[in-house]
Structure formats: C-alpha cells, structure tokens
>>> print(open('data13.cif').read())   # mmCIF, C-alpha atoms and all ligand atoms
data_start
loop_
_atom_site.label_atom_id
_atom_site.label_comp_id
_atom_site.auth_asym_id
_atom_site.auth_seq_id
_atom_site.Cartn_x
_atom_site.Cartn_y
_atom_site.Cartn_z
CA MET A 120 22.36 -29.06 -20.15
CA THR A 121 20.47 -26.28 -18.35
CA THR A 122 17.80 -24.28 -20.15
CA VAL A 123 16.86 -20.87 -18.80
CA GLY A 124 13.39 -19.67 -19.77
CA ILE A 125 12.92 -15.93 -20.20
CA LEU A 126 9.49 -14.31 -20.29
CA GLY A 127 9.80 -11.37 -22.65
CA GLY A 128 12.05 -11.43 -25.69
CA GLY A 129 13.43 -7.90 -26.02
CA GLN A 130 16.99 -6.63 -25.82
CA LEU A 131 17.35 -7.61 -22.17
CA ALA A 132 16.58 -11.26 -22.97
CA ARG A 133 18.91 -11.00 -25.95
CA MET A 134 21.80 -9.74 -23.81
CA LEU A 135 21.02 -12.37 -21.14
CA ALA A 136 21.24 -15.10 -23.78
CA LEU A 137 24.50 -13.69 -25.17
CA SER A 138 26.06 -13.55 -21.71
CA GLY A 139 24.88 -17.07 -20.89
CA ALA A 140 26.55 -18.71 -23.88
CA PRO A 141 30.02 -19.00 -22.23
CA LEU A 142 28.37 -20.63 -19.21
CA GLY A 143 27.08 -23.36 -21.52
CA LEU A 144 23.47 -22.38 -21.01
CA ARG A 145 20.55 -22.89 -23.36
CA PHE A 146 17.63 -20.50 -23.48
CA LEU A 147 13.96 -20.46 -24.39
CA VAL A 148 12.38 -17.06 -24.79
CA MET A 149 8.63 -16.43 -24.73
CA ASP A 150 7.14 -13.31 -26.27
CA THR A 151 3.85 -12.20 -27.77
CA GLU A 152 5.65 -10.97 -30.91
CA ALA A 153 7.12 -13.31 -33.53
CA ASP A 154 9.90 -10.81 -34.34
CA ALA A 155 11.06 -10.31 -30.73
CA CYS A 156 14.77 -9.51 -31.05
CA ALA A 157 15.99 -12.14 -28.56
CA GLY A 158 14.61 -14.70 -31.03
CA GLN A 159 17.67 -14.02 -33.21
CA PHE A 160 19.80 -15.81 -30.60
CA ALA A 161 17.51 -18.18 -28.72
CA PRO A 162 14.53 -20.39 -29.58
CA LEU A 163 11.39 -18.27 -29.34
CA LEU A 164 7.97 -19.45 -28.22
CA VAL A 165 5.31 -17.04 -29.42
CA GLY A 166 2.30 -16.86 -27.15
CA ASP A 167 0.21 -14.83 -24.78
CA TYR A 168 1.41 -14.80 -21.17
CA ARG A 169 -2.14 -15.61 -20.04
CA ASP A 170 -2.43 -18.66 -22.31
CA GLU A 171 -2.06 -21.69 -20.03
CA ALA A 172 -1.25 -24.04 -22.90
CA ALA A 173 1.61 -21.81 -24.05
CA LEU A 174 2.86 -21.36 -20.48
CA ALA A 175 2.67 -25.12 -19.91
CA GLU A 176 4.78 -25.73 -23.01
CA PHE A 177 7.26 -23.09 -21.83
CA ALA A 178 7.45 -24.70 -18.37
CA SER A 179 7.98 -28.16 -19.85
CA ARG A 180 11.01 -26.98 -21.82
CA VAL A 181 12.93 -24.98 -19.17
CA ASP A 182 14.72 -25.71 -15.88
CA VAL A 183 14.28 -22.26 -14.39
CA ALA A 184 12.32 -19.19 -15.44
CA THR A 185 13.06 -15.46 -15.24
CA PHE A 186 11.90 -12.20 -16.84
CA ASP A 187 13.10 -9.55 -19.24
CA PHE A 188 9.85 -7.68 -18.76
CA GLU A 189 8.16 -6.79 -15.47
CA ASN A 190 4.64 -6.59 -16.79
CA VAL A 191 4.11 -10.32 -17.22
CA PRO A 192 0.77 -10.88 -15.39
CA ALA A 193 1.50 -11.80 -11.76
CA GLU A 194 -0.99 -14.69 -11.99
CA SER A 195 0.96 -16.16 -14.91
CA ALA A 196 4.19 -15.95 -12.91
CA GLU A 197 2.46 -17.62 -9.94
CA TRP A 198 1.04 -20.36 -12.14
CA LEU A 199 4.46 -20.96 -13.64
CA ALA A 200 6.04 -21.09 -10.18
CA THR A 201 3.95 -24.17 -9.38
CA ARG A 202 5.81 -25.97 -12.21
CA VAL A 203 9.36 -24.57 -12.32
CA PRO A 204 11.52 -22.37 -10.08
CA VAL A 205 10.83 -18.72 -10.94
CA PHE A 206 13.29 -15.95 -10.02
CA PRO A 207 12.68 -13.24 -8.94
CA ASN A 208 9.73 -14.71 -7.05
CA PRO A 209 6.22 -13.73 -8.22
CA ARG A 210 5.60 -11.63 -5.09
CA ALA A 211 8.63 -9.43 -5.82
CA LEU A 212 7.37 -9.07 -9.37
CA SER A 213 3.86 -8.11 -8.27
CA VAL A 214 5.16 -5.50 -5.79
CA ALA A 215 7.31 -3.91 -8.49
CA GLN A 216 4.35 -3.91 -10.90
CA ASP A 217 2.31 -1.54 -8.79
CA ARG A 218 3.78 1.88 -8.08
CA LEU A 219 1.54 2.33 -5.04
CA VAL A 220 2.42 -1.00 -3.38
CA GLU A 221 6.08 -0.37 -4.19
CA LYS A 222 6.09 3.11 -2.63
CA ASN A 223 4.28 1.77 0.46
CA LEU A 224 7.00 -0.86 0.81
CA PHE A 225 9.77 1.76 0.45
CA ARG A 226 8.11 3.83 3.15
CA SER A 227 7.65 0.86 5.49
CA LEU A 228 11.37 0.07 5.14
CA GLY A 229 12.37 3.65 5.93
CA ILE A 230 13.52 4.30 2.35
CA PRO A 231 12.68 7.97 1.78
CA VAL A 232 10.08 8.82 -0.88
CA GLY A 233 8.39 12.05 -1.98
CA GLU A 234 4.75 12.76 -1.16
CA TYR A 235 2.30 10.51 -3.01
CA ALA A 236 -1.29 9.30 -2.84
CA ALA A 237 -3.54 6.77 -4.53
CA VAL A 238 -6.15 8.30 -6.83
CA SER A 239 -9.28 6.64 -8.19
CA THR A 240 -11.64 9.55 -8.92
CA ARG A 241 -11.45 13.03 -10.42
CA ALA A 242 -12.48 14.60 -7.12
CA GLY A 243 -9.82 12.57 -5.34
CA LEU A 244 -7.20 13.81 -7.80
CA GLU A 245 -8.17 17.43 -7.15
CA ALA A 246 -8.06 16.92 -3.39
CA GLU A 247 -4.63 15.26 -3.45
CA VAL A 248 -3.08 17.82 -5.79
CA ALA A 249 -4.32 20.53 -3.40
CA ARG A 250 -2.97 18.65 -0.37
CA ILE A 251 0.46 17.97 -1.93
CA GLY A 252 0.62 21.55 -3.21
CA GLY A 253 2.94 22.58 -6.08
CA PRO A 254 3.57 20.62 -9.26
CA CYS A 255 2.72 16.92 -9.34
CA ILE A 256 2.95 13.93 -11.67
CA LEU A 257 -0.03 11.68 -12.25
CA LYS A 258 0.95 8.11 -13.14
CA THR A 259 -0.83 4.86 -13.81
CA ARG A 260 -0.10 2.45 -10.95
CA ARG A 261 0.53 -0.36 -13.42
CA LEU A 262 2.02 -0.89 -16.87
CA GLY A 263 3.92 2.40 -17.03
CA TYR A 264 7.54 2.48 -18.12
CA ASP A 265 9.95 4.89 -19.81
CA GLY A 266 7.74 7.84 -18.90
CA LYS A 267 4.65 6.26 -20.50
CA GLY A 268 1.40 6.50 -18.53
CA GLN A 269 2.47 9.79 -16.91
CA PHE A 270 1.14 13.33 -16.97
CA ARG A 271 2.75 16.43 -15.47
CA ILE A 272 0.39 18.65 -13.47
CA LYS A 273 2.10 22.02 -13.23
CA SER A 274 -0.92 23.73 -11.69
CA ALA A 275 -4.58 23.02 -10.87
CA GLY A 276 -5.43 24.08 -14.45
CA ASP A 277 -3.83 20.84 -15.74
CA ILE A 278 -6.00 18.53 -13.65
CA GLU A 279 -8.73 18.10 -16.28
CA ALA A 280 -6.22 17.23 -19.02
CA ALA A 281 -4.40 14.81 -16.71
CA TRP A 282 -7.64 13.08 -15.77
CA GLN A 283 -8.73 12.86 -19.42
CA ALA A 284 -5.34 11.40 -20.37
CA LEU A 285 -5.11 8.73 -17.68
CA GLY A 286 -8.31 8.31 -15.67
CA ALA A 287 -11.42 9.19 -17.63
CA GLN A 288 -11.49 6.24 -19.99
CA ALA A 289 -11.43 3.56 -17.31
CA ASP A 290 -13.95 5.56 -15.29
CA ALA A 291 -16.33 5.77 -18.28
CA GLN A 292 -16.09 2.01 -18.72
CA ALA A 293 -16.78 1.52 -14.99
CA GLU A 294 -13.34 -0.05 -14.51
CA ALA A 295 -11.34 0.57 -11.35
CA VAL A 296 -9.11 3.59 -11.91
CA GLY A 297 -5.65 2.81 -10.59
CA LEU A 298 -3.58 5.98 -10.47
CA ILE A 299 -0.98 7.49 -8.19
CA VAL A 300 -0.22 11.17 -7.89
CA GLU A 301 3.27 12.13 -6.79
CA ALA A 302 4.86 15.43 -5.82
CA PHE A 303 7.14 16.58 -8.64
CA ILE A 304 10.66 16.36 -7.20
CA PRO A 305 12.95 19.17 -8.39
CA PHE A 306 15.98 16.89 -8.05
CA GLN A 307 19.51 17.83 -9.10
CA ARG A 308 20.57 14.31 -10.07
CA GLU A 309 19.15 10.88 -10.90
CA LEU A 310 21.12 7.79 -9.94
CA SER A 311 20.51 4.09 -9.75
CA VAL A 312 21.80 1.19 -7.75
CA VAL A 313 22.05 -1.97 -9.81
CA ALA A 314 22.30 -4.89 -7.41
CA VAL A 315 22.19 -8.66 -7.38
CA ARG A 316 21.11 -11.12 -4.70
CA GLY A 317 21.87 -14.81 -4.93
CA ARG A 318 19.68 -17.75 -3.90
CA ASP A 319 21.71 -17.99 -0.70
CA GLY A 320 21.11 -14.34 0.14
CA GLU A 321 24.53 -13.06 -0.92
CA PHE A 322 24.15 -9.43 -1.97
CA ARG A 323 26.38 -7.32 -4.22
CA THR A 324 26.03 -4.00 -6.02
CA TRP A 325 27.81 -2.37 -8.88
CA PRO A 326 29.02 1.19 -8.24
CA LEU A 327 26.31 3.85 -8.28
CA THR A 328 25.41 5.01 -11.77
CA GLU A 329 24.31 8.51 -12.72
CA ASN A 330 21.54 8.69 -15.32
CA TRP A 331 20.12 11.29 -17.69
CA HIS A 332 16.65 11.04 -19.26
CA VAL A 333 15.05 12.70 -22.24
CA ASP A 334 11.22 12.67 -22.30
CA GLY A 335 11.22 10.10 -19.49
CA VAL A 336 13.51 7.70 -21.42
CA LEU A 337 17.07 6.95 -20.29
CA SER A 338 19.52 8.60 -22.66
CA ALA A 339 22.91 8.28 -20.92
CA SER A 340 24.52 6.65 -17.89
CA LEU A 341 27.89 7.24 -16.24
CA ALA A 342 29.68 5.00 -13.73
CA PRO A 343 31.04 5.34 -11.19
CA ALA A 344 28.97 8.37 -10.25
CA THR A 345 30.91 11.02 -8.36
CA ILE A 346 29.21 11.00 -4.99
CA ASP A 347 29.88 11.32 -1.31
CA ASP A 348 30.73 7.90 0.13
CA GLY A 349 28.24 8.19 2.99
CA LEU A 350 25.41 8.84 0.53
CA ALA A 351 26.53 5.93 -1.65
CA GLN A 352 26.56 3.56 1.33
CA LEU A 353 23.05 4.71 2.25
CA ALA A 354 21.84 3.90 -1.27
CA TYR A 355 23.46 0.44 -1.25
CA GLY A 356 21.82 -0.13 2.15
CA TYR A 357 18.37 0.71 0.77
CA ALA A 358 18.87 -1.75 -2.08
CA ASN A 359 19.96 -4.43 0.38
CA GLN A 360 16.92 -3.86 2.62
CA LEU A 361 14.62 -4.06 -0.38
CA ALA A 362 16.19 -7.28 -1.61
CA GLU A 363 15.89 -8.86 1.84
CA ALA A 364 12.27 -7.74 2.30
CA LEU A 365 11.28 -9.29 -1.04
CA ASP A 366 13.51 -12.35 -0.70
CA TYR A 367 14.72 -11.22 -4.10
CA VAL A 368 16.87 -13.43 -6.31
CA GLY A 369 18.54 -11.94 -9.40
CA VAL A 370 19.46 -8.45 -10.57
CA PHE A 371 17.30 -5.39 -9.94
CA ALA A 372 17.69 -1.63 -10.08
CA LEU A 373 16.64 0.94 -7.53
CA GLU A 374 16.13 4.35 -9.13
CA LEU A 375 16.83 7.30 -6.86
CA PHE A 376 16.51 11.05 -7.08
CA CYS A 377 19.14 13.11 -5.28
CA LYS A 378 17.83 16.44 -4.03
CA ASP A 379 19.87 18.77 -1.82
CA GLY A 380 22.12 15.91 -0.75
CA GLN A 381 19.20 13.63 0.20
CA TRP A 382 17.84 10.52 -1.48
CA LEU A 383 14.24 10.04 -2.58
CA ALA A 384 13.39 6.67 -4.13
CA ASN A 385 11.49 6.69 -7.42
CA GLU A 386 10.97 3.04 -8.29
CA MET A 387 12.54 -0.38 -8.56
CA ALA A 388 12.85 -2.47 -11.71
CA PRO A 389 12.74 -6.22 -10.99
CA ARG A 390 15.13 -7.20 -13.76
CA VAL A 391 18.40 -6.33 -15.42
CA HIS A 392 18.27 -2.62 -16.13
CA ASN A 393 19.23 -0.18 -18.87
CA SER A 394 21.39 1.77 -16.41
CA GLY A 395 23.46 -1.40 -15.92
CA HIS A 396 24.30 -2.03 -19.59
CA TRP A 397 27.75 -0.50 -19.09
CA THR A 398 28.64 -3.50 -16.88
CA ILE A 399 29.12 -5.66 -20.00
CA GLU A 400 32.47 -4.00 -20.71
CA GLY A 401 32.92 -1.90 -17.58
CA ALA A 402 32.75 -4.45 -14.77
CA GLU A 403 34.45 -7.69 -13.89
CA THR A 404 31.07 -9.45 -14.15
CA SER A 405 28.15 -7.96 -16.08
CA GLN A 406 24.65 -7.58 -14.70
CA PHE A 407 23.48 -10.13 -17.30
CA GLU A 408 25.92 -12.83 -16.25
CA ASN A 409 25.32 -12.22 -12.56
CA HIS A 410 21.56 -12.40 -13.05
CA LEU A 411 21.99 -15.84 -14.61
CA ARG A 412 24.42 -16.92 -11.90
CA ALA A 413 21.92 -15.79 -9.25
CA VAL A 414 18.86 -17.53 -10.68
CA LEU A 415 20.86 -20.73 -11.20
CA GLY A 416 22.31 -20.69 -7.68
CA LEU A 417 25.91 -20.33 -8.98
CA PRO A 418 28.56 -18.27 -7.17
CA LEU A 419 28.11 -14.57 -7.93
CA GLY A 420 30.83 -12.79 -9.89
CA ASP A 421 32.79 -9.75 -8.77
CA THR A 422 30.93 -6.49 -9.43
CA ARG A 423 34.11 -4.38 -9.36
CA MET A 424 34.40 -1.69 -12.05
CA LEU A 425 37.13 -1.59 -14.64
CA GLY A 426 37.89 2.12 -14.89
CA HIS A 427 35.12 4.50 -15.97
CA ALA A 428 32.23 3.81 -18.30
CA CYS A 429 29.58 5.77 -20.10
CA MET A 430 26.58 4.32 -21.91
CA LEU A 431 24.68 6.17 -24.63
CA ASN A 432 21.24 4.88 -25.62
CA TRP A 433 20.14 4.86 -29.23
CA ILE A 434 16.45 5.73 -29.39
CA GLY A 435 14.43 5.42 -32.61
CA GLU A 436 17.37 4.74 -34.94
CA LEU A 437 21.05 3.86 -34.83
CA PRO A 438 23.66 6.52 -35.58
CA ASP A 439 26.82 5.83 -37.59
CA ARG A 440 28.38 2.73 -36.06
CA ASN A 441 31.92 3.42 -37.24
CA THR A 442 32.26 6.57 -35.13
CA VAL A 443 31.99 4.38 -32.05
CA LEU A 444 33.90 1.41 -33.46
CA ALA A 445 36.83 3.68 -34.35
CA GLU A 446 37.31 4.42 -30.65
CA PRO A 447 39.75 2.11 -28.87
CA ALA A 448 37.35 2.11 -25.91
CA GLY A 449 34.14 2.05 -27.95
CA HIS A 450 31.67 -0.85 -27.83
CA TRP A 451 28.63 -1.14 -30.06
CA HIS A 452 25.34 -2.91 -29.30
CA ASP A 453 22.74 -3.19 -32.05
CA TYR A 454 19.60 -4.93 -30.76
CA GLY A 455 18.55 -6.12 -34.23
CA LYS A 456 15.29 -4.18 -34.08
CA LEU A 457 13.55 -2.22 -36.80
CA PRO A 458 13.88 1.56 -36.33
CA ARG A 459 10.78 3.17 -34.82
CA GLY A 460 10.21 6.45 -33.00
CA GLY A 461 10.82 6.18 -29.25
CA ARG A 462 12.08 2.60 -29.45
CA LYS A 463 15.37 1.57 -27.81
CA VAL A 464 17.28 0.10 -30.76
CA GLY A 465 20.81 -0.11 -29.37
CA HIS A 466 23.44 1.47 -27.18
CA ALA A 467 27.16 2.19 -27.09
CA THR A 468 29.49 1.94 -24.14
CA LEU A 469 32.74 3.87 -23.89
CA ARG A 470 35.09 2.50 -21.25
CA ASP A 471 38.43 3.89 -20.24
CA ASP A 472 40.92 3.68 -17.41
CA SER A 473 40.54 7.27 -16.26
CA ALA A 474 37.78 9.85 -16.22
CA GLY A 475 39.99 12.12 -18.37
CA GLU A 476 40.45 9.51 -21.10
CA LEU A 477 36.75 8.67 -21.05
CA SER A 478 35.91 12.34 -21.36
CA ALA A 479 38.20 12.70 -24.40
CA ALA A 480 36.65 9.63 -26.07
CA LEU A 481 33.17 11.00 -25.41
CA GLU A 482 34.12 14.37 -26.93
CA ARG A 483 35.32 12.62 -30.08
CA VAL A 484 32.20 10.45 -30.39
CA GLY A 485 29.89 13.38 -29.64
CA GLY A 486 31.70 15.49 -32.24
CA GLY A 487 31.68 12.67 -34.80
CA LEU A 488 27.96 12.06 -34.49
CA GLN A 489 27.05 15.74 -34.43
CA ARG A 490 23.61 15.32 -32.93
CA MET A 491 24.21 14.14 -29.46
CA PRO A 492 22.68 16.43 -26.85
CA GLN A 493 22.94 13.56 -24.38
CA VAL A 494 26.75 13.83 -24.38
CA ASP A 495 26.90 17.32 -22.82
CA PRO A 496 25.63 16.53 -19.30
CA VAL A 497 27.92 13.51 -19.10
CA LEU A 498 30.94 15.59 -20.12
CA LYS A 499 30.02 18.12 -17.46
CA ALA A 500 29.77 15.39 -14.81
CA LEU A 501 33.20 14.07 -15.82
CA GLN A 502 34.92 17.46 -15.32
P1 LIG A 601 9.47 6.55 -14.10
O1 LIG A 601 8.74 5.86 -15.20
O2 LIG A 601 8.69 6.69 -12.84
O3 LIG A 601 10.86 5.99 -13.87
O4 LIG A 601 9.72 8.04 -14.61
C1 LIG A 601 10.54 8.35 -15.73
C2 LIG A 601 11.31 9.63 -15.47
O5 LIG A 601 10.38 10.73 -15.21
C3 LIG A 601 12.18 9.60 -14.23
O6 LIG A 601 13.41 8.99 -14.48
C4 LIG A 601 12.30 11.08 -13.92
O7 LIG A 601 13.22 11.70 -14.79
C5 LIG A 601 10.91 11.60 -14.22
N1 LIG A 601 10.06 11.54 -12.99
C6 LIG A 601 9.28 10.51 -12.60
N2 LIG A 601 8.68 10.76 -11.42
C7 LIG A 601 9.08 11.99 -11.05
C8 LIG A 601 8.82 12.83 -9.91
N3 LIG A 601 7.98 12.46 -8.93
N4 LIG A 601 9.43 14.05 -9.86
C9 LIG A 601 10.26 14.46 -10.86
N5 LIG A 601 10.54 13.71 -11.94
C10 LIG A 601 9.98 12.50 -12.05
#
>>> encode(input="data13.cif", output="structure tokens", more="lines below")
Ligand code: AMP
Amino acid sequence: MTTVGILGGGQLARMLALSGAPLGLRFLVMDTEADACAGQFAPLLVGDYRDEAALAEFASRVDVATFDFENVPAESAEWLATRVPVFPNPRALSVAQDRLVEKNLFRSLGIPVGEYAAVSTRAGLEAEVARIGGPCILKTRRLGYDGKGQFRIKSAGDIEAAWQALGAQADAQAEAVGLIVEAFIPFQRELSVVAVRGRDGEFRTWPLTENWHVDGVLSASLAPATIDDGLAQLAYGYANQLAEALDYVGVFALELFCKDGQWLANEMAPRVHNSGHWTIEGAETSQFENHLRAVLGLPLGDTRMLGHACMLNWIGELPDRNTVLAEPAGHWHDYGKLPRGGRKVGHATLRDDSAGELSAALERVGGGLQRMPQVDPVLKALQ
C-alpha cells in the first residue's frame, strides 16, 4: 500500500486524494489548520511546516511527498527530501516561491517577460518606476497569491501608498524588503499551460486554457482556448523548457499574458492549478491523477480533451447547486469549506461536445444563477 504525503490540506489536496482513490492510494495530509478541508477525506496531521518533530512524523508515515501549497518553507522541503522522495524537487519549489528568481529564470531561458526590477528601498522603487515608465505593479517577491501582496501604481503619485502597503513595515523593522516592480501589461488575454512531467522526463500538456480574473482571483476558465496553433506550440515549448530546466516532476501551470499576438510570462505555479480543474471531467486524465502518476513514477495518462469545458469558481459562498446539477453537462464541486469573503469554496465545470452546446449550457446556468458576471466573457469567447 502506497501512502502519498501532501503538504497543505486545502481543496487541491482534497481533489488529489479523491483522484487517487481508484489507484488504491492512501494519503496523509499535513496542514497548520485542524479544519483543513482535505482532512474530510484523508488523515490529517496538524502541525507547523517548520516543526521538525511534526515533519519527522509526516516523513515516517509516507512513501513520497508532494505539495498542495507552494509556500511551504523551502528549508522544510529540503529537510524532508533527506528522508523521503519529494516531488517537485525543493529547488523547483524555491524558484517558484520567489517572483524575482522565477522571472530571472524565464528570461535566461528566452521565455519573454515584461519589464521588471527588484526593489528594496523607497528610493529604489521611485527610480525603477521612472525607468519602466507608465503604470506598474508592485508585488512582494514571496508569499503572494491570488492578487494578494500586490499594489497597482498608476502614476508616480501612487508610489507612497504602494510603499506604505508593501515595503514600509519591513523597512521600519529593519528586515530585508523583498519586492519586485513590474510593468503593468495591458494584455488582451490571459492563458495558462497546465503541464505534467514524469520521473522519466516524459512531458505532456493539456490544451491551452483561457482564464478570467476578478480582483486578481481566477473566476472562470475555458478550454480549449481559441488560439493560433503557432502561438500554442510556442507556449507548450516554454512550459517544456521550464520543466527541463527545473528537472520538474509533477503538474505545474505556466501563466501567460497574450498582448498583440505575443506571449509574456507572468508566473509559474509548482502544483496542480485552479485553471486545470476542468480536466476532472473534460480530459481523458485529470491534472490530479496525472500529478499522482508522475510523483509515483507511473505511466502518465492521456491529456486529450473531451469536447469543450468551462470552469466557474465559487468565491466566498456557493450559489444554488441545483442550477448546475440540472444541466446534463454540469458538474459540481463543493470543497467543504465554511463560507468567507474572498475564499475559494467550490467550482462548477460544464463540459459538452461542441462549443455551441457548451455556450447554451452556460447561458442557462448564468441565467439561472442571475448574478454571474464571470459568465459573459466566456460566452463572448465561445462565439
Ligand atoms: P499574480 O498573483 O501575479 O498571478 O497576479 C494576479 C493577477 O493580476 C493576474 O492574473 C493578472 O490578471 C494581474 N496581473 C499580475 N501582474 C500583472 C502585470 N504585470 N500586468 C497586468 N496585470 C497583472
């Protein structure tokens, strides 16, 4: 019996555990919170990721370890890797944890990125905003996700507020200020490549997915994205290069902006990704199952799509479930979390054989739920 250990016990760990059941796998999930939602389906070890005793217990009970959460301290992942195989490897995790290191890697691989610079002082921020010119985004290098740890700088007048929001506190406490300022990209579209690499280096991707965000949080995804084949191949190539450079094992997502027919890479997520949730019903093998196959060294499953799929995220609270369940192509995912503002509490996937049928299903669901601004851009993309 193989036990997979997962650091982080949120919905990603929960969906990993659910997809691993048919493979006969057992799981142990570690989280700092006793009510982590993956604990409803797998034994949960509550502990701090920096607590060696807790990590040692975790290591003693699993055959292989992986993550549902990229902000597990890199030292903890390294320590764990001396006891059990850890996939993706701790170096890949640490690169993806730091927006600056990650962007430097993209650039060194020839993956296009917008202008950016490291910032550690207020004067440095002013100088870089002036150099980049035009609107910028200030971000923390570490621990940012879903638009958290970010501040839009529309003009020089916003610099003080941006610094107060993200830099001043660490500076006042004489801590190193780790920020990155990026040019604001006026992109037309956001897409992601969800890809998997096996222990033997085999590489596969699911079709490109188009994504829509609200306040920095993913609200809807559509696959396959309608896109020029040359551009799609370029994107898959970037993901492949990245996976090779990091000797990556498992699923990851590469988030890309598309501006005037050109790619600019935003970031990579070293784990199964929200923009790949549609693969549960919309692909021959889901991202969750393929992640498990990869980390266990099993043959990878086919990533072929089954028709067209759209995923809608439920943020804060769940809408009426029956509106989705009444759809022949509607699939409901409730993460078993308490409702809370800004929290991802579930999603729905609509899957159909043709774009036209998917569009009709989406119209019905959007109409039934009556408060779904996220449906409109997807409907437009499906036209
Ligand atoms: P991130 O946490 O970096 O993935 O950012 C969350 C969202 O903010 C992205 O999906 C974009 O919609 C937006 N965003 C982040 N960085 C930029 C940028 N440099 N230019 C324009 N929009 C951005």
>>> axis_aligned_box(input="data13.cif", around="range 238-248 of chain A", padding_each_side="8 Å", output="lines of an AutoDock Vina configuration file")
center_x = -7.8
center_y = 12.2
center_z = -6.9
size_x = 25.4
size_y = 27.2
size_z = 23.0
>>> atom_distance(input="data13.cif", atom1="CA of Gly460 in chain A", atom2="CA of Lys267 in chain A")
13.7 Å
>>> closest_atom_pairs(input="data13.cif", of="chain A", to="ligand LIG 601 (chain A)", cutoff="8 Å", atoms="all atoms listed in the file", output="CSV")
residue,atom,partner,partner_atom,distance
A:Gly233,CA,A:LIG601,N3,7.0
A:Cys255,CA,A:LIG601,N3,6.9
A:Ile256,CA,A:LIG601,N3,5.9
A:Lys258,CA,A:LIG601,O2,7.9
A:Gly263,CA,A:LIG601,O1,6.2
A:Tyr264,CA,A:LIG601,O1,4.6
A:Asp265,CA,A:LIG601,O1,4.9
A:Gly266,CA,A:LIG601,C1,4.3
A:Lys267,CA,A:LIG601,O1,6.7
A:Gln269,CA,A:LIG601,O1,7.6
A:Glu301,CA,A:LIG601,N3,5.2
A:Ala302,CA,A:LIG601,N3,5.3
A:Phe303,CA,A:LIG601,N4,3.6
A:Ile304,CA,A:LIG601,N4,3.7
A:Pro305,CA,A:LIG601,C9,6.0
A:Phe306,CA,A:LIG601,C9,6.8
A:Glu309,CA,A:LIG601,O6,7.0
A:Trp331,CA,A:LIG601,O7,7.5
A:His332,CA,A:LIG601,O7,5.7
A:Val333,CA,A:LIG601,O7,7.7
A:Asp334,CA,A:LIG601,O5,7.4
A:Gly335,CA,A:LIG601,C2,4.0
A:Val336,CA,A:LIG601,C1,6.5
A:Leu337,CA,A:LIG601,O6,7.2
A:Glu374,CA,A:LIG601,O3,7.3
A:Asn385,CA,A:LIG601,O2,6.1
A:Glu386,CA,A:LIG601,O2,6.3
>>> atom_distance(input="data13.cif", atom1="CA of Val368 in chain A", atom2="CA of Asp187 in chain A")
14.0 Å
>>> residues_around(input="data13.cif", residues="range 398-413 of chain A", least_positions_apart="5", cutoff="6 Å", atoms="all atoms listed in the file", output="list in words")
Leu135, Ser138, Gly317, Gly369, Val370, Leu419, Gly420, Asp421, Thr422, Arg423, Met424, Leu425 and Ala428 of chain A
>>> residues_near_point(input="data13.cif", point="(-5.1, 16.6, -8.6)", cutoff="8 Å", atoms="only C-alpha atoms", output="JSON list (two decimals) with C-alpha atoms, in the coordinates of the input")
[["chain", "number", "residue", "atom", "x", "y", "z"],
["A", 241, "ARG", "CA", -11.45, 13.03, -10.42],
["A", 242, "ALA", "CA", -12.48, 14.60, -7.12],
["A", 243, "GLY", "CA", -9.82, 12.57, -5.34],
["A", 244, "LEU", "CA", -7.20, 13.81, -7.80],
["A", 245, "GLU", "CA", -8.17, 17.43, -7.15],
["A", 246, "ALA", "CA", -8.06, 16.92, -3.39],
["A", 247, "GLU", "CA", -4.63, 15.26, -3.45],
["A", 248, "VAL", "CA", -3.08, 17.82, -5.79],
["A", 249, "ALA", "CA", -4.32, 20.53, -3.40],
["A", 255, "CYS", "CA", 2.72, 16.92, -9.34],
["A", 257, "LEU", "CA", -0.03, 11.68, -12.25],
["A", 272, "ILE", "CA", 0.39, 18.65, -13.47],
["A", 275, "ALA", "CA", -4.58, 23.02, -10.87],
["A", 278, "ILE", "CA", -6.00, 18.53, -13.65],
["A", 300, "VAL", "CA", -0.22, 11.17, -7.89]]
>>> atom_distance(input="data13.cif", atom1="CA of Ala467 in chain A", atom2="CA of Gly449 in chain A")
7.0 Å
>>> closest_residue(input="data13.cif", among="A:Ile230, A:Gln352, A:Ala344, A:Leu417", to="Glu321 in chain A", atoms="all atoms listed in the file")
A:Leu417
>>> closest_residue(input="data13.cif", among="A:Gly465, A:Pro389, A:Gly455, A:Pro207", to="Ala157 in chain A", atoms="only C-alpha atoms")
A:Gly455
>>> residues_around(input="data13.cif", residues="Leu285 in chain A", least_positions_apart="3", cutoff="9 Å", atoms="all atoms listed in the file", output="list in words")
Leu257, Lys258, Thr259, Gly268, Gln269, Phe270, Ala280, Ala281, Trp282, Gln288, Ala289, Val296 and Leu298 of chain A
>>> residues_around(input="data13.cif", residues="Asp472 in chain A", least_positions_apart="3", cutoff="12 Å", atoms="only C-alpha atoms", output="JSON, numbers by chain")
{"A": [342, 343, 400, 401, 402, 424, 425, 426, 427, 428, 429, 447, 448, 469, 475, 476, 477, 478, 479, 480]}
>>> closest_residue(input="data13.cif", among="A:Leu383, A:Leu262, A:Leu498, A:Leu137", to="Glu234 in chain A", atoms="all atoms listed in the file")
A:Leu383
>>> residues_around(input="data13.cif", residues="Val443 in chain A", least_positions_apart="5", cutoff="12 Å", atoms="only C-alpha atoms", output="list in words")
Met430, Leu431, Leu437, Pro438, Ala448, Gly449, His450, Trp451, His452, Asp453, His466, Ala467, Thr468, Leu469, Arg470, Ala480, Leu481, Glu482, Arg483, Val484, Gly485, Gly486, Gly487 and Leu488 of chain A
>>> closest_residue(input="data13.cif", among="A:Glu446, A:Asp170, A:Asp495, A:Asp290", to="Val238 in chain A", atoms="all atoms listed in the file")
A:Asp290
>>> residues_around(input="data13.cif", residues="Ala351 in chain A", least_positions_apart="5", cutoff="9 Å", atoms="all atoms listed in the file", output="PyMOL selection string")
chain A and resi 326-327+346+356
>>> closest_residue(input="data13.cif", among="A:Pro192, A:Gly435, A:Pro418, A:Gly349", to="Arg462 in chain A", atoms="only C-alpha atoms")
A:Gly435
>>> closest_residue(input="data13.cif", among="A:Lys378, A:Arg218, A:Arg202, A:Lys499", to="Leu310 in chain A", atoms="all atoms listed in the file")
A:Lys378
